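Engineer: Below: one structure in structure tokens.
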Number of protein chains: 4
Amino acid sequence: MQFTSDIKVNLIQKMGGDHMVVAAAKVSTDGEAAEKMAYESAEGKAGLINYLMNHRHGTPFEHSALTFFVHAPILVWREWHRHRVGFSYNEESGRYKKLEPLFYLPDRERLMMKIEDWKPGRPKFTRCESDSVFEQLCSNLKQAYELSYAMYEANLALKIDPGLARDCLPVGIYSGCWVTCNPRSLMAFLSLRTHEPDATQISYPLWEIEVAARICEQILESGWPITYKAFVNNGRVGP
Amino acid sequence: MQFTSDIKVNLIQKMGGDHMVVAAAKVSTDGEAAEKMAYESAEGKAGLINYLMNHRHGTPFEHSALTFFVHAPILVWREWHRHRVGFSYNEESGRYKKLEPLFYLPDRERLMMKIEDWKPGRPKFTRCESDSVFEQLCSNLKQAYELSYAMYEANLALKIDPGLARDCLPVGIYSGCWVTCNPRSLMAFLSLRTHEPDATQISYPLWEIEVAARICEQILESGWPITYKAFVNNGRVGP
Amino acid sequence: MQFTSDIKVNLIQKMGGDHMVVAAAKVSTDGEAAEKMAYESAEGKAGLINYLMNHRHGTPFEHSALTFFVHAPILVWREWHRHRVGFSYNEESGRYKKLEPLFYLPDRERLMMKIEDWKPGRPKFTRCESDSVFEQLCSNLKQAYELSYAMYEANLALKIDPGLARDCLPVGIYSGCWVTCNPRSLMAFLSLRTHEPDATQISYPLWEIEVAARICEQILESGWPITYKAFVNNGRVGP
Amino acid sequence: MQFTSDIKVNLIQKMGGDHMVVAAAKVSTDGEAAEKMAYESAEGKAGLINYLMNHRHGTPFEHSALTFFVHAPILVWREWHRHRVGFSYNEESGRYKKLEPLFYLPDRERLMMKIEDWKPGRPKFTRCESDSVFEQLCSNLKQAYELSYAMYEANLALKIDPGLARDCLPVGIYSGCWVTCNPRSLMAFLSLRTHEPDATQISYPLWEIEVAARICEQILESGWPITYKAFVNNGRVGP
């Protein structure tokens with residue numbers, strides 16, 4: 001049994017860059033001639049990219065691609081897989097593979113949403129003040145994780161179909177998934193799955209998916225720096 | 001704590017029918033005049049619908065819609081939500097709602113996949129022969145379910161963020177979800193999530209999602225009988 | 001030969017309404033119990049719907065549907081068909097049907113975009129001041145339309161494949177198309193294909209597609225009045 | 001004025017290859033360990049790829065990407081843009097750019113569909129036997145093209161909005177478009193837009209789009225040879 005707060009996002013491959021955004025956009029006004037921009041630097045094109053972002057001309061941001069391998073607890077996948085457009089997935093199977101005993105425990109700094117009377121809306125988030133409460137939480141989770149996994153292994157020892165044996169496994173268990181997207185779909189994801197107080201539309205995502213989203217965000221920034229800057233400067237609204 | 005093998009699919013609303021498939025298809029050759037077919041019976045149009053299905057002219061099957069409320073364990077949603085095209089979802093939230101203690105236990109007749117050396121491919125399915133093995137499985141699942149839910153409630157009693165408190169809940173817990181799709185996307189779902197030995201491409205779905213899929217299939221048959229018959233007669237290949 | 005400025009949008013069928021938006025959204029916090037809201041009025045739920053719109057919780061707006069028959073020149077379809085998500089189409093075929101000699105001529109009030117040096121950005125639109133210029137334009141279009149259609153018929157008389165015979169037909173010829181969408185995809189369409197000076201992101205659409213969009217907008221307002229009002233009040237940003 | 005039968009497809013960039021199909025598929029059974037296959041050759045993996053294709057496990061084919069620049073007449077775009085899933089487009093604008101006077105004329109070898117009484121179904125295609133008929137067709141098209149373009153230029157000379165001035169331009173005029181897709185969406189396109197007598201489902205596409213599709217097909221073969229072979233060997237049914 002292993003417990004971790006880490007969520008891993010590895011960039012496996014990428015295609016394109018800011019120059020492809022520019023070249024794809026310029027086909028509109030330059031036609032065939034825009035193709036040569038696919039082989040040129042995007043330097044000096046921040047104005048155009050900012051214009052596209054600001055006016056929600058989203059399609060030029062689709063001619064690039066990124067593939068990630070992400071290792072995260074199932075509770076993250078439960079949300080991530082709801083992104084249907086511009087996202088491709090292949091995930092570890094609970095039917096054809098024995099799942100590894102790796103489980104999620106929160107980092108001590110994880111902020112907690114306070115729900116008064118279970119009302120959503122503008123939740124407040126605070127760090128858990130009490131060490132003993134936090135320890136109790138981790139202990140509760142571990143206890144359930146351990147028994148669940150023991151029962152899973154007991155079911156497998158009975159030669160039960162793995163797709164049934166795993167029904168007692170918790171959403172805190174880790175699962176690996178390949179994710180392919182493009183800068184446009186990734187920005188839509190980031191706008192909903194990160195919290196920025198000065199975003200045009202403030203989102204209150206689940207902490208764990210934000211951890212993953214922030215790594216994706218750095219990868220976007222590193223490969224598409226002008227695009228990323230325009231995204232941030234325009235209130236983090238996906239184009 | 002409640003345990004059940006039931007998976008519920010309620011049809012909430014629907015739009016269209018076989019006549020809309022016909023009318024939408026006929027715009028191709030009849031233009032404006034096809035609109036009147038939207039208000040006529042599809043009787044006598046089995047030949048056309050069969051032709052569309054057989055030649056994979058899929059779009060005419062998109063001008064209808066169905067909304068289901070489905071109550072199923074999370075392990076079913078883990079698969080269902082991977083259907084991205086022509087599917088809309090709204091699901092119960094583990095962040096803003098306390099999840100009910102309703103858990104999945106297999107029906108005695110549930111077939112079990114045998115995995116030799118964990119190799120996928122053409123799995124064999126057999127009923128669990130031993131009553132005692134089956135009872136042991138159910139007992140294992142219950143035991144894990146019970147402790148997991150107790151820990152969940154303990155976490156909530158500590159005023160922990162529900163989106164974190166639930167990390168120990170198992171994929172066997174039930175969750176409700178609204179699902180809207182159209183006959184084309186539903187047939188794609190059915191072709192992958194039902195097992196028919198004489199389908200053109202035989203699928204080996206998870207038992208639990210097939211239970212849900214079979215109810216959807218009856219609803220499709222009842223509202224789009226000619227379409228459904230053509231689907232079956234053409235090897236259950238989604239158009 | 002017929003010439004017209006009319007663009008026709010007929011509502012063929014619809015499913016859902018504001019109450020379905022409410023019911024689908026409430027599954028999040030109410031689970032199974034939300035289903036009953038599917039059968040109740042949405043009266044008094046403007047606050048919730050406004051909240052969904054404002055926070056870009058888009059999925060509850062997908063559990064409704066609308067089917068239109070639209071008769072519009074090909075130049076409109078060239079833009080409309082670029083809406084890929086949440087849109088289904090079946091269009092009149094130029095390969096299997098003789099296209100009718102119905103052609104688009106602008107209304108005298110159609111605003112004209114001024115392009116200085118062919119630069120896009122924030123175009124200005126003005127009514128054509130000169131009657132004689134407008135008449136000359138219409139005369140030019142008609143002349144080309146007439147010869148093009150005559151050549152089309154000449155090609156057909158030669159027994160040429162209709163999918164080739166039509167290559168000389170102009171984008172101003174009319175074509176009929178079935179369009180099925182949902183309120184969410186329709187609002188994305190409206191936000192890009194209508195011009196409102198006080199929208200959060202001002203769009204400068206083609207006049208002709210805006211004519212069609214405005215009819216769709218009225219249909220949305222009539223069937224989903226609370227949703228529509230929330231869309232307008234939130235800057236016409238699609239959720 | 002220029003006339004051509006050429007349709008151009010340039011590969012601008014690509015990501016992935018057969019090895020990515022393998023690696024993405026293997027996450028199912030190998031989890032994290034599959035990531036290393038992303039950096040290995042796919043040699044010896046034809047069996048796995050064939051299995052995926054044959055069983056319609058389509059998602060592993062989505063973790064690759066291709067961007068094309070395509071120069072083709074509007075009549076081709078009218079069909080191509082109907083492919084909504086896994087396709088991204090940016091096209092030359094008729095509103096912000098003067099369209100070049102480049103027009104499509106059929107190659108002498110272009111096969112002609114015979115439509116008896118305008119009935120679709122299983123059309124027959126034959127080469128135009130008569131030179132004089134073929135010449136008459138080309139002459140008809142040219143005549144219409146020339147007048148249409150002259151009227152377009154006359155409209156522009158009147159300072160008419162280019163998005164209106166172009167309404168008389170024919171669907172035979174060329175337009176450039178960036179197209180990004182993935183092997184899965186490309187195979188869906190190929191299965192519908194190429195004619196192969198021994199395909200599982202025989203398609204009867206428009207000649208001109210097949211010309212483009214065949215170039216795409218070569219590019220797929222060259223970059224994903226094992227995938228391509230499996231596609232062909234499995235009846236050209238998109239997975």
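Going through the structure tokens in order, the chains are called A, B, and so on, while each chain numbers its residues from 1 and the ligands are numbered from 1 in the order shown.
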May I have a table of the residues of chain A lying at most 6 Å from chain D, giving each one's closest pair of atoms and their distance in Å to one decimal, counting only C-alpha atoms, ordered by chain and ascending residue number, as CSV?

Structural biologist:
residue,atom,partner,partner_atom,distance
A:Met15,CA,D:Met15,CA,5.8
A:Val27,CA,D:Glu92,CA,5.2
A:Ser28,CA,D:Glu92,CA,3.9
A:Thr29,CA,D:Lys97,CA,5.1
A:Gly31,CA,D:Glu92,CA,5.2
A:His63,CA,D:Thr180,CA,5.7
A:Glu91,CA,D:Ser28,CA,5.6
A:Glu92,CA,D:Ser28,CA,3.9
A:Ser93,CA,D:Ser28,CA,4.7
A:Tyr96,CA,D:Thr29,CA,5.9
A:Lys97,CA,D:Thr29,CA,5.1
A:Gly176,CA,D:Gly31,CA,5.7
A:Thr180,CA,D:His63,CA,5.7

Engineer: Taking the backbone alone, and naming residues the way the document does, which bits of range 5-88 of chain B are strand (DSSP E) by DSSP, as a VMD selection string?

Structural biologist: chain B and resid 8 to 15 65 to 73 87 to 88

Engineer: Quick check for you: according to DSSP on this backbone, which residues of range 126-207 of chain D are classed as alpha helix (DSSP H)? Reply as a PyMOL selection string.

Structural biologist: chain D and resi 131-157+162-165+183-193+207

Engineer: If we count only C-alpha atoms, what is near Ser132 in chain C at a cut-off of 12 Å, once residues fewer than 5 positions away on the same chain are taken out, given as a JSON list (two decimals) with N, CA, C and O atoms, in the first residue's frame?

Structural biologist:
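Generated file (around-v2.json):
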[["chain", "number", "residue", "atom", "x", "y", "z"],
["C", 108, "ARG", "N", -32.62, 46.13, -49.58],
["C", 108, "ARG", "CA", -32.07, 47.50, -49.72],
["C", 108, "ARG", "C", -31.44, 47.98, -48.41],
["C", 108, "ARG", "O", -30.51, 48.81, -48.42],
["C", 137, "LEU", "N", -25.32, 46.64, -58.32],
["C", 137, "LEU", "CA", -24.95, 45.40, -57.63],
["C", 137, "LEU", "C", -25.96, 44.29, -57.92],
["C", 137, "LEU", "O", -25.60, 43.18, -58.31],
["C", 138, "CYS", "N", -27.25, 44.62, -57.74],
["C", 138, "CYS", "CA", -28.28, 43.60, -57.95],
["C", 138, "CYS", "C", -28.29, 43.14, -59.40],
["C", 138, "CYS", "O", -28.46, 41.94, -59.69],
["C", 139, "SER", "N", -28.08, 44.06, -60.28],
["C", 139, "SER", "CA", -28.06, 43.72, -61.69],
["C", 139, "SER", "C", -26.85, 42.80, -61.99],
["C", 139, "SER", "O", -26.98, 41.81, -62.73],
["D", 158, "LEU", "N", -17.37, 48.73, -57.15],
["D", 158, "LEU", "CA", -18.42, 49.61, -56.61],
["D", 158, "LEU", "C", -18.26, 49.81, -55.09],
["D", 158, "LEU", "O", -19.10, 50.44, -54.46]]

Engineer: Find the residues around Trp77 in chain B up to 9 Å (only C-alpha atoms counted), leave out those fewer than 2 positions away in its own chain, and share them as a list in words.

Structural biologist: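 Counting only C-alpha atoms, the residues come to Arg78 of chain A; Ala72, Pro73, Ile74, Leu75, Glu79, Trp80, His81, Arg82, Ser175, Cys177 and Ile209 of chain B.
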
Engineer: Based on the selection just made, write N, CA and C atoms of those residues as a compact mmCIF listing (two decimals), in the first residue's frame.

Structural biologist:
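Full text of out_37.txt as output:
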# COMPACT_ATOMS: atom_id res chain seq x y z
N ARG A 78 -13.04 11.37 -12.76
CA ARG A 78 -14.50 11.56 -12.76
C ARG A 78 -14.86 12.94 -13.28
N ALA B 72 -27.13 4.51 -11.30
CA ALA B 72 -26.21 3.39 -11.51
C ALA B 72 -24.97 3.61 -10.67
N PRO B 73 -24.26 2.53 -10.37
CA PRO B 73 -23.02 2.72 -9.60
C PRO B 73 -21.96 3.48 -10.41
N ILE B 74 -21.07 4.13 -9.70
CA ILE B 74 -20.03 4.94 -10.34
C ILE B 74 -19.24 4.12 -11.35
N LEU B 75 -19.05 2.84 -11.11
CA LEU B 75 -18.31 2.01 -12.06
C LEU B 75 -18.96 2.00 -13.43
N GLU B 79 -17.47 4.23 -17.34
CA GLU B 79 -17.45 3.83 -18.75
C GLU B 79 -18.36 4.72 -19.60
N TRP B 80 -19.54 5.00 -19.08
CA TRP B 80 -20.53 5.71 -19.89
C TRP B 80 -20.03 7.10 -20.30
N HIS B 81 -19.38 7.76 -19.35
CA HIS B 81 -18.93 9.13 -19.64
C HIS B 81 -17.83 9.18 -20.69
N ARG B 82 -17.32 8.05 -21.09
CA ARG B 82 -16.32 8.06 -22.16
C ARG B 82 -16.97 8.24 -23.52
N SER B 175 -24.87 6.68 -8.16
CA SER B 175 -24.90 8.10 -8.50
C SER B 175 -25.95 8.28 -9.58
N CYS B 177 -27.61 10.41 -12.79
CA CYS B 177 -27.11 11.26 -13.89
C CYS B 177 -28.19 11.42 -14.95
N ILE B 209 -22.97 -2.17 -17.26
CA ILE B 209 -23.36 -1.16 -18.24
C ILE B 209 -24.30 -1.78 -19.27

Engineer: Restricting the calculation to only C-alpha atoms: of A:Ser222, A:Gly172, A:Asn50, A:Pro101, which residue gets closest to Leu141 in chain A?

Structural biologist: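 Of all the options, A:Gly172 lies closest to Leu141 in chain A.
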
Engineer: Could you check the closest approach to Asp18 in chain A for each of A:Pro123, A:Gly235, A:Gly44, A:Pro205 and tell me which residue wins, using only C-alpha atoms?

Structural biologist: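 Distance minimum relative to Asp18 in chain A lands on A:Gly44.
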
Engineer: Rank B:Ile226, B:Leu206, B:Cys168, B:Met151 by their smallest atom-to-atom distance to Phe125 in chain B, using only C-alpha atoms, and report the top residue only.

Structural biologist: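 For Phe125 in chain B, the nearest of the given residues is B:Leu206.
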
Engineer: At a cut-off of 9 Å, using only C-alpha atoms, what residues contact Asp6 in chain A? Leave out same-chain residues fewer than 6 positions from it and give the result as JSON, numbers by chain.

Structural biologist: {"A": [71, 72, 104, 105, 106, 107, 211]}

Engineer: Next, write the just-selected residues to a file, as an mmCIF file, in the first residue's frame, keeping N, CA, C and O atoms as the atom set.

Structural biologist:
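Saved the output as out-v5.cif:
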data_model
loop_
_atom_site.group_PDB
_atom_site.id
_atom_site.type_symbol
_atom_site.label_atom_id
_atom_site.label_comp_id
_atom_site.auth_asym_id
_atom_site.auth_seq_id
_atom_site.Cartn_x
_atom_site.Cartn_y
_atom_site.Cartn_z
ATOM 1 N N HIS A 71 -1.192 10.634 -14.087
ATOM 2 C CA HIS A 71 -1.446 9.652 -13.040
ATOM 3 C C HIS A 71 -2.153 10.390 -11.916
ATOM 4 O O HIS A 71 -1.575 11.284 -11.301
ATOM 5 N N ALA A 72 -3.392 10.021 -11.675
ATOM 6 C CA ALA A 72 -4.216 10.782 -10.738
ATOM 7 C C ALA A 72 -5.272 9.869 -10.148
ATOM 8 O O ALA A 72 -5.626 8.846 -10.749
ATOM 9 N N TYR A 104 -4.643 8.163 -2.803
ATOM 10 C CA TYR A 104 -4.481 9.597 -2.593
ATOM 11 C C TYR A 104 -4.737 9.996 -1.144
ATOM 12 O O TYR A 104 -5.754 9.627 -0.554
ATOM 13 N N LEU A 105 -3.792 10.761 -0.603
ATOM 14 C CA LEU A 105 -4.032 11.433 0.673
ATOM 15 C C LEU A 105 -3.768 12.912 0.459
ATOM 16 O O LEU A 105 -2.855 13.280 -0.286
ATOM 17 N N PRO A 106 -4.541 13.771 1.079
ATOM 18 C CA PRO A 106 -4.374 15.207 0.815
ATOM 19 C C PRO A 106 -3.064 15.724 1.403
ATOM 20 O O PRO A 106 -2.593 15.249 2.431
ATOM 21 N N ASP A 107 -2.514 16.700 0.738
ATOM 22 C CA ASP A 107 -1.391 17.463 1.268
ATOM 23 C C ASP A 107 -1.913 18.301 2.442
ATOM 24 O O ASP A 107 -3.076 18.719 2.448
ATOM 25 N N VAL A 211 -4.535 20.809 -9.249
ATOM 26 C CA VAL A 211 -3.120 20.434 -9.199
ATOM 27 C C VAL A 211 -2.665 19.935 -10.576
ATOM 28 O O VAL A 211 -1.623 20.352 -11.105
#

Engineer: Have a look at CA of Val133 in chain B and CA of Gln2 in chain B and let me know their distance in Å, one decimal.

Structural biologist: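 Separation between CA of Val133 in chain B and CA of Gln2 in chain B: 21.5 Å.
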
Engineer: As an exercise, work out the distance from CA of Leu220 in chain A to CA of Met53 in chain C in Å and give it to one decimal place.

Structural biologist: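 One can read the CA of Leu220 in chain A to CA of Met53 in chain C distance as 27.5 Å.
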
Engineer: Excluding Ala230 in chain D and its own-chain neighbours fewer than 4 positions away, which residues fall within 10 Å of it when counting only C-alpha atoms? Please give them as a list in words.

Structural biologist: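 Final neighbour list, sorted by chain and number: Ala46, Gly47, Leu48, Ile49, Asn50, Tyr51, Leu52, Met53, Asn54, Pro225, Ile226, Asn234, Gly235, Arg236 and Val237 of chain D.
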